[in-house]
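Structure file my_file_27.txt (compact mmCIF, C-alpha atoms) follows.
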# COMPACT_ATOMS: atom_id res chain seq x y z
CA MET A 1 -34.64 -29.84 4.27
CA ARG A 2 -36.33 -32.58 6.26
CA GLY A 3 -34.65 -34.09 9.27
CA ARG A 4 -32.66 -31.00 10.22
CA LEU A 5 -32.23 -30.29 13.92
CA LEU A 6 -32.44 -26.76 15.26
CA ARG A 7 -28.67 -26.66 15.74
CA GLN A 8 -28.16 -27.41 12.06
CA VAL A 9 -30.69 -24.79 10.99
CA ALA A 10 -29.04 -22.16 13.18
CA GLU A 11 -25.50 -23.00 12.08
CA GLN A 12 -26.16 -23.48 8.39
CA GLN A 13 -28.99 -21.12 7.47
CA ILE A 14 -29.06 -18.00 9.65
CA GLU A 15 -25.97 -16.29 8.23
CA PRO A 16 -26.84 -17.05 4.57
CA ALA A 17 -30.33 -15.69 5.24
CA LEU A 18 -28.95 -12.48 6.74
CA ALA A 19 -26.63 -12.07 3.75
CA LEU A 20 -29.74 -11.54 1.60
CA ASN A 21 -30.72 -8.48 3.67
CA PRO A 22 -34.28 -9.79 4.04
CA ASP A 23 -37.18 -7.70 5.29
CA LEU A 24 -39.17 -10.84 6.17
CA VAL A 25 -37.97 -14.20 7.48
CA THR A 26 -40.06 -17.23 8.42
CA ILE A 27 -38.39 -19.83 10.61
CA ALA A 28 -39.78 -23.14 11.80
CA ALA A 29 -37.39 -25.39 13.70
CA GLY A 30 -37.24 -27.66 16.70
CA GLY A 31 -39.86 -30.21 15.71
CA ASN A 32 -37.24 -32.83 14.89
CA ASP A 33 -35.50 -32.18 18.19
CA ILE A 34 -38.71 -33.01 20.05
CA LEU A 35 -38.71 -36.45 18.42
CA ARG A 36 -35.15 -37.30 19.50
CA PRO A 37 -34.48 -39.40 22.61
CA ARG A 38 -32.43 -36.61 24.17
CA PHE A 39 -34.49 -33.46 24.61
CA GLU A 40 -33.28 -30.49 26.68
CA VAL A 41 -35.89 -27.77 26.28
CA ASP A 42 -33.84 -24.99 27.92
CA GLU A 43 -30.81 -25.72 25.76
CA LEU A 44 -32.99 -25.82 22.67
CA ALA A 45 -34.73 -22.56 23.56
CA ASP A 46 -31.44 -20.77 24.21
CA ARG A 47 -30.13 -21.80 20.81
CA TYR A 48 -33.37 -20.74 19.14
CA GLU A 49 -33.41 -17.36 20.88
CA ALA A 50 -29.85 -16.65 19.77
CA ALA A 51 -30.92 -17.29 16.16
CA ILE A 52 -34.00 -15.09 16.48
CA ALA A 53 -31.93 -12.30 18.04
CA LYS A 54 -29.58 -12.37 15.04
CA LEU A 55 -32.45 -12.19 12.58
CA THR A 56 -34.26 -9.34 14.31
CA ALA A 57 -31.01 -7.44 14.83
CA GLY A 58 -30.53 -7.60 11.07
CA GLY A 59 -33.75 -5.63 10.63
CA ALA A 60 -35.97 -8.45 9.39
CA ARG A 61 -39.52 -9.01 10.47
CA VAL A 62 -39.53 -12.57 11.80
CA VAL A 63 -42.39 -15.06 11.72
CA MET A 64 -42.16 -17.95 14.19
CA PHE A 65 -44.34 -21.02 14.71
CA THR A 66 -45.31 -23.24 17.59
CA THR A 67 -45.61 -26.96 17.08
CA PHE A 68 -48.98 -28.56 16.39
CA ASN A 69 -51.30 -30.12 18.93
CA ARG A 70 -51.05 -33.78 17.98
CA SER A 71 -52.98 -35.14 20.95
CA PHE A 72 -55.44 -36.74 18.52
CA ASP A 73 -52.71 -39.17 17.42
CA PRO A 74 -51.91 -41.92 19.96
CA LEU A 75 -48.25 -42.03 18.91
CA PHE A 76 -47.54 -38.31 19.09
CA ARG A 77 -49.73 -37.86 22.17
CA ARG A 78 -46.83 -39.21 24.23
CA LEU A 79 -44.73 -36.24 23.15
CA GLY A 80 -47.38 -33.73 24.24
CA GLY A 81 -45.46 -32.70 27.36
CA ARG A 82 -42.38 -31.87 25.30
CA ALA A 83 -44.44 -29.88 22.80
CA ILE A 84 -46.15 -27.89 25.54
CA ALA A 85 -42.83 -27.03 27.19
CA TYR A 86 -41.25 -26.07 23.87
CA ASN A 87 -44.21 -23.97 22.77
CA ASP A 88 -44.08 -22.07 26.05
CA ARG A 89 -40.49 -21.07 25.27
CA ILE A 90 -41.41 -20.18 21.68
CA ARG A 91 -44.12 -17.78 22.84
CA ARG A 92 -41.73 -16.08 25.27
CA ILE A 93 -39.02 -15.70 22.63
CA ALA A 94 -41.46 -14.24 20.11
CA ASP A 95 -42.68 -11.77 22.70
CA ARG A 96 -39.19 -10.67 23.74
CA HIS A 97 -38.07 -10.08 20.16
CA SER A 98 -41.35 -8.69 18.78
CA ALA A 99 -41.65 -11.55 16.32
CA VAL A 100 -44.91 -12.48 14.63
CA LEU A 101 -46.14 -15.75 16.12
CA VAL A 102 -48.36 -18.25 14.35
CA ASP A 103 -49.59 -20.39 17.21
CA PHE A 104 -50.72 -23.65 15.66
CA TRP A 105 -51.53 -25.06 19.08
CA GLU A 106 -54.56 -22.75 18.92
CA VAL A 107 -55.53 -23.38 15.27
CA SER A 108 -58.31 -25.92 14.72
CA GLY A 109 -58.59 -28.36 11.87
CA PHE A 110 -55.21 -30.09 12.03
CA ASP A 111 -56.72 -33.08 13.80
CA ASP A 112 -58.04 -34.17 10.38
CA VAL A 113 -55.78 -36.84 8.85
CA ARG A 114 -56.23 -35.25 5.43
CA MET A 115 -54.08 -32.33 6.61
CA TRP A 116 -51.13 -34.71 6.93
CA SER A 117 -49.06 -36.70 4.45
CA TRP A 118 -48.73 -40.48 4.41
CA ASP A 119 -45.92 -40.45 6.99
CA ARG A 120 -48.21 -38.72 9.54
CA LEU A 121 -45.30 -36.41 10.36
CA HIS A 122 -45.26 -33.87 7.53
CA LEU A 123 -48.17 -31.85 6.21
CA SER A 124 -50.07 -32.57 3.02
CA SER A 125 -50.50 -29.90 0.34
CA ARG A 126 -53.81 -29.07 2.00
CA GLY A 127 -52.04 -28.59 5.32
CA HIS A 128 -49.40 -26.35 3.78
CA GLU A 129 -52.06 -24.19 2.19
CA ARG A 130 -53.66 -23.75 5.59
CA ILE A 131 -50.26 -22.67 6.93
CA ALA A 132 -50.01 -20.05 4.19
CA PHE A 133 -53.47 -18.82 5.14
CA GLU A 134 -52.53 -18.48 8.81
CA VAL A 135 -49.21 -16.75 8.06
CA LEU A 136 -50.86 -14.15 5.86
CA ARG A 137 -53.52 -13.59 8.49
CA ALA A 138 -50.88 -13.13 11.19
CA LEU A 139 -49.06 -10.62 8.99
CA LYS A 140 -52.35 -8.85 8.25
CA ILE A 141 -51.81 -9.19 4.52
CA GLU A 142 -54.78 -9.35 2.17
CA HIS A 143 -54.94 -12.51 0.10
CA GLU A 144 -57.24 -14.67 -1.98
CA ILE A 145 -56.59 -18.04 -0.35
CA GLU A 146 -59.81 -19.79 0.52
CA ILE A 147 -60.03 -22.73 2.88
CA PRO A 148 -63.28 -24.56 2.13
CA PRO A 149 -64.59 -26.85 4.86
CA LEU A 150 -63.77 -30.48 4.30
CA PRO A 151 -66.70 -32.82 3.87
CA PRO A 152 -67.11 -35.56 6.48
CA MET A 153 -64.69 -38.40 5.91
CA ARG A 154 -66.03 -41.91 5.71
CA THR A 155 -65.23 -43.86 8.86
CA SER A 156 -62.90 -46.78 8.21
CA SER A 157 -63.54 -50.19 9.69
CA ALA A 158 -61.30 -51.46 12.47
CA LEU A 159 -59.68 -53.90 10.03
CA VAL A 160 -58.89 -51.22 7.45
CA THR A 161 -57.44 -48.97 10.17
CA GLN A 162 -55.29 -51.81 11.45
CA VAL A 163 -53.99 -52.58 7.97
CA GLN A 164 -53.17 -48.91 7.42
CA ASN A 165 -51.32 -48.76 10.73
CA VAL A 166 -49.26 -51.83 9.85
CA GLN A 167 -48.39 -50.41 6.43
CA TRP A 168 -47.38 -47.11 8.01
CA ALA A 169 -45.23 -48.85 10.61
CA LYS A 170 -43.42 -50.88 7.93
CA SER A 171 -42.92 -48.02 5.47
CA PHE A 172 -42.14 -45.20 7.91
CA LEU A 173 -41.89 -46.02 11.62
CA MET A 174 -39.43 -48.93 11.44
CA PRO A 175 -37.07 -47.16 8.97
CA TRP A 176 -37.25 -44.08 11.23
CA ILE A 177 -36.28 -46.13 14.30
CA ILE A 178 -33.43 -47.78 12.41
CA ARG A 179 -32.10 -44.36 11.33
CA ARG A 180 -32.23 -43.16 14.95
CA LEU A 181 -30.23 -46.21 16.07
CA ARG A 182 -27.69 -45.57 13.31
CA GLY A 183 -27.53 -41.86 14.07
CA VAL A 184 -28.52 -40.76 10.56
CA SER A 185 -31.33 -38.66 9.12
CA SER A 186 -33.53 -39.04 6.06
CA GLY A 187 -32.22 -35.67 4.89
CA ASP A 188 -28.51 -36.50 5.12
CA SER A 189 -28.21 -37.54 1.48
CA ILE A 190 -30.35 -34.83 -0.14
CA ALA A 191 -29.55 -31.29 -1.28
CA PRO A 192 -31.75 -28.18 -1.03
CA ARG A 193 -34.35 -27.91 -3.75
CA PHE A 194 -33.36 -24.28 -4.31
CA PRO A 195 -29.73 -23.80 -3.17
CA GLU A 196 -29.68 -20.32 -4.72
CA PRO A 197 -32.33 -17.56 -4.47
CA VAL A 198 -35.00 -17.66 -7.15
CA PRO A 199 -37.85 -15.21 -7.95
CA ALA A 200 -40.92 -15.98 -5.87
CA ALA A 201 -43.14 -15.83 -8.96
CA SER A 202 -41.34 -18.83 -10.42
CA LEU A 203 -42.46 -20.96 -7.47
CA ALA A 204 -46.18 -20.34 -7.98
CA VAL A 205 -48.24 -23.49 -8.45
CA PRO A 206 -52.00 -23.93 -9.01
CA ALA A 207 -54.09 -24.42 -5.89
CA PRO A 208 -55.00 -28.07 -5.32
CA ASN A 209 -58.44 -29.26 -6.26
CA TYR A 210 -59.79 -30.35 -2.88
CA TRP A 211 -62.68 -32.34 -4.24
CA GLN A 212 -60.44 -34.53 -6.41
CA THR A 213 -57.81 -35.22 -3.75
CA ILE A 214 -59.95 -36.12 -0.75
CA PRO A 215 -59.37 -39.79 0.17
CA LYS A 216 -62.45 -41.95 0.17
Rewrite the structure from the file as structure tokens, please.
Amino acid sequence: MRGRLLRQVAEQQIEPALALNPDLVTIAAGGNDILRPRFEVDELADRYEAAIAKLTAGGARVVMFTTFNRSFDPLFRRLGGRAIAYNDRIRRIADRHSAVLVDFWEVSGFDDVRMWSWDRLHLSSRGHERIAFEVLRALKIEHEIEIPPLPPMRTSSALVTQVQNVQWAKSFLMPWIIRRLRGVSSGDSIAPRFPEPVPAASLAVPAPNYWQTIPK
């Protein structure tokens, strides 16, 4: 669920996950914490390590993720120091607990805007498919996912870029700032899409047609 802080993930999801007796767990958390005004990397890492220790002690193979390198984006570039510090802790935790690490700081291609959704914060379907590819590769599992190279994207004029930035600021950035000032999250009023376990096969969806979804 979007907007969840690491504390909420650890408190609300670790025990229910362990109750399923899983043999594989993927966990990605902490990105929202990096965006908050108050950021204590040591406190965050300690909380994360406690969660990972619980999962590995339960016998599950755990897959962890670093944050992305967003230095290509002027807005997120300012948070680069936080991301570097956090990723350093993530790598150490994964090593200490023998977790599988997908290090997206080292994966190329995510500097393409087409890998991101309209809010510039979450991934597009294309970006999520790339994540699936990297997870399966890290787990050394054979698969049939193909990631075709994206064709060059037409360069937008300065005016078009400015208009897009203004639209993004009005539709996402300002509401996000207002929520921070009010102390609320975009995910506070939503429920999980799948509150109960469902067969993985029922979640299968056709692969996106890249050539029809590439913005012009």
Against region 70-82 of chain A, which residues of region 107-150 of chain A fall within 10 Å? For each one I want the closest pair of atoms and the distance in Å (one decimal), counting only C-alpha atoms, rows by chain and increasing residue number, as CSV.
residue,atom,partner,partner_atom,distance
A:Phe110,CA,A:Arg70,CA,8.1
A:Asp111,CA,A:Phe72,CA,6.1
A:Asp112,CA,A:Phe72,CA,8.9
A:Val113,CA,A:Asp73,CA,9.4
A:Arg120,CA,A:Asp73,CA,9.1
A:Leu121,CA,A:Phe76,CA,9.2
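Relative to CA of Arg193 (chain A), CA of Arg179 (chain A) is found at 22.4 Å.
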At what distance in Å, to one decimal, does CA of Val102 (chain A) lie from CA of Ala51 (chain A)? 17.6 Å
Under the rule of at most 9 Å, produce a per-residue listing of region 60-119 of chain A near region 43-46 of chain A: chain, number, name, the closest pair of atoms, and the distance in Å, as a Markdown table, using all atoms listed in the file.
| residue | atom | partner | partner_atom | distance |
| --- | --- | --- | --- | --- |
| A:Tyr86 | CA | A:Ala45 | CA | 7.4 |
| A:Arg89 | CA | A:Ala45 | CA | 6.2 |
| A:Ile90 | CA | A:Ala45 | CA | 7.3 |
| A:Ile93 | CA | A:Ala45 | CA | 8.1 |
Selected residue, from A:Leu5, A:Leu24, A:Ile177, A:Val41, that lies nearest to Arg61 (chain A) when counting only C-alpha atoms: A:Leu24
Return as JSON the box centre and box size in Å, one decimal, for an axis-aligned box around all listed atoms of region 141-147 of chain A padded by 8 Å per side.
{"center_x": -55.9, "center_y": -16.0, "center_z": 1.3, "size_x": 24.2, "size_y": 29.5, "size_z": 22.5}
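Coordinates place CA of Phe104 (chain A) at a distance of 14.2 Å from CA of His122 (chain A).
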Determine the nearest neighbour of Leu101 (chain A) from the options A:Thr66, A:Ser171, A:Ser125, A:Ser189, counting only C-alpha atoms. A:Thr66
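Nearest to Arg91 (chain A) of all the residues A:Trp105, A:His128, A:Ala169, A:Asp23 is A:Trp105, based on all atoms listed in the file.
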Can you pull out every residue within 12 Å of Ala19 (chain A), counting all atoms listed in the file, but drop anything in the same chain fewer than 2 positions away, and send it as number ranges by chain? A: 13-17, 21-23, 54-55, 58-60, 197
Report as a ChimeraX atom specification all protein, DNA and RNA residues lying within 9 Å of Arg7 (chain A), evaluated on all atoms listed in the file, omitting residues in the same chain fewer than 6 positions from it. /A:30,44,47-48
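With all atoms listed in the file as the atoms that count, the residue of A:Asp95, A:Ile178, A:Ala28, A:Asn165 with the shortest distance to Asp119 (chain A) is A:Asn165.
If all atoms listed in the file are the atoms counted, then among A:Ile145, A:Val198, A:Met153, A:Leu139 the closest residue to Arg114 (chain A) is A:Met153.
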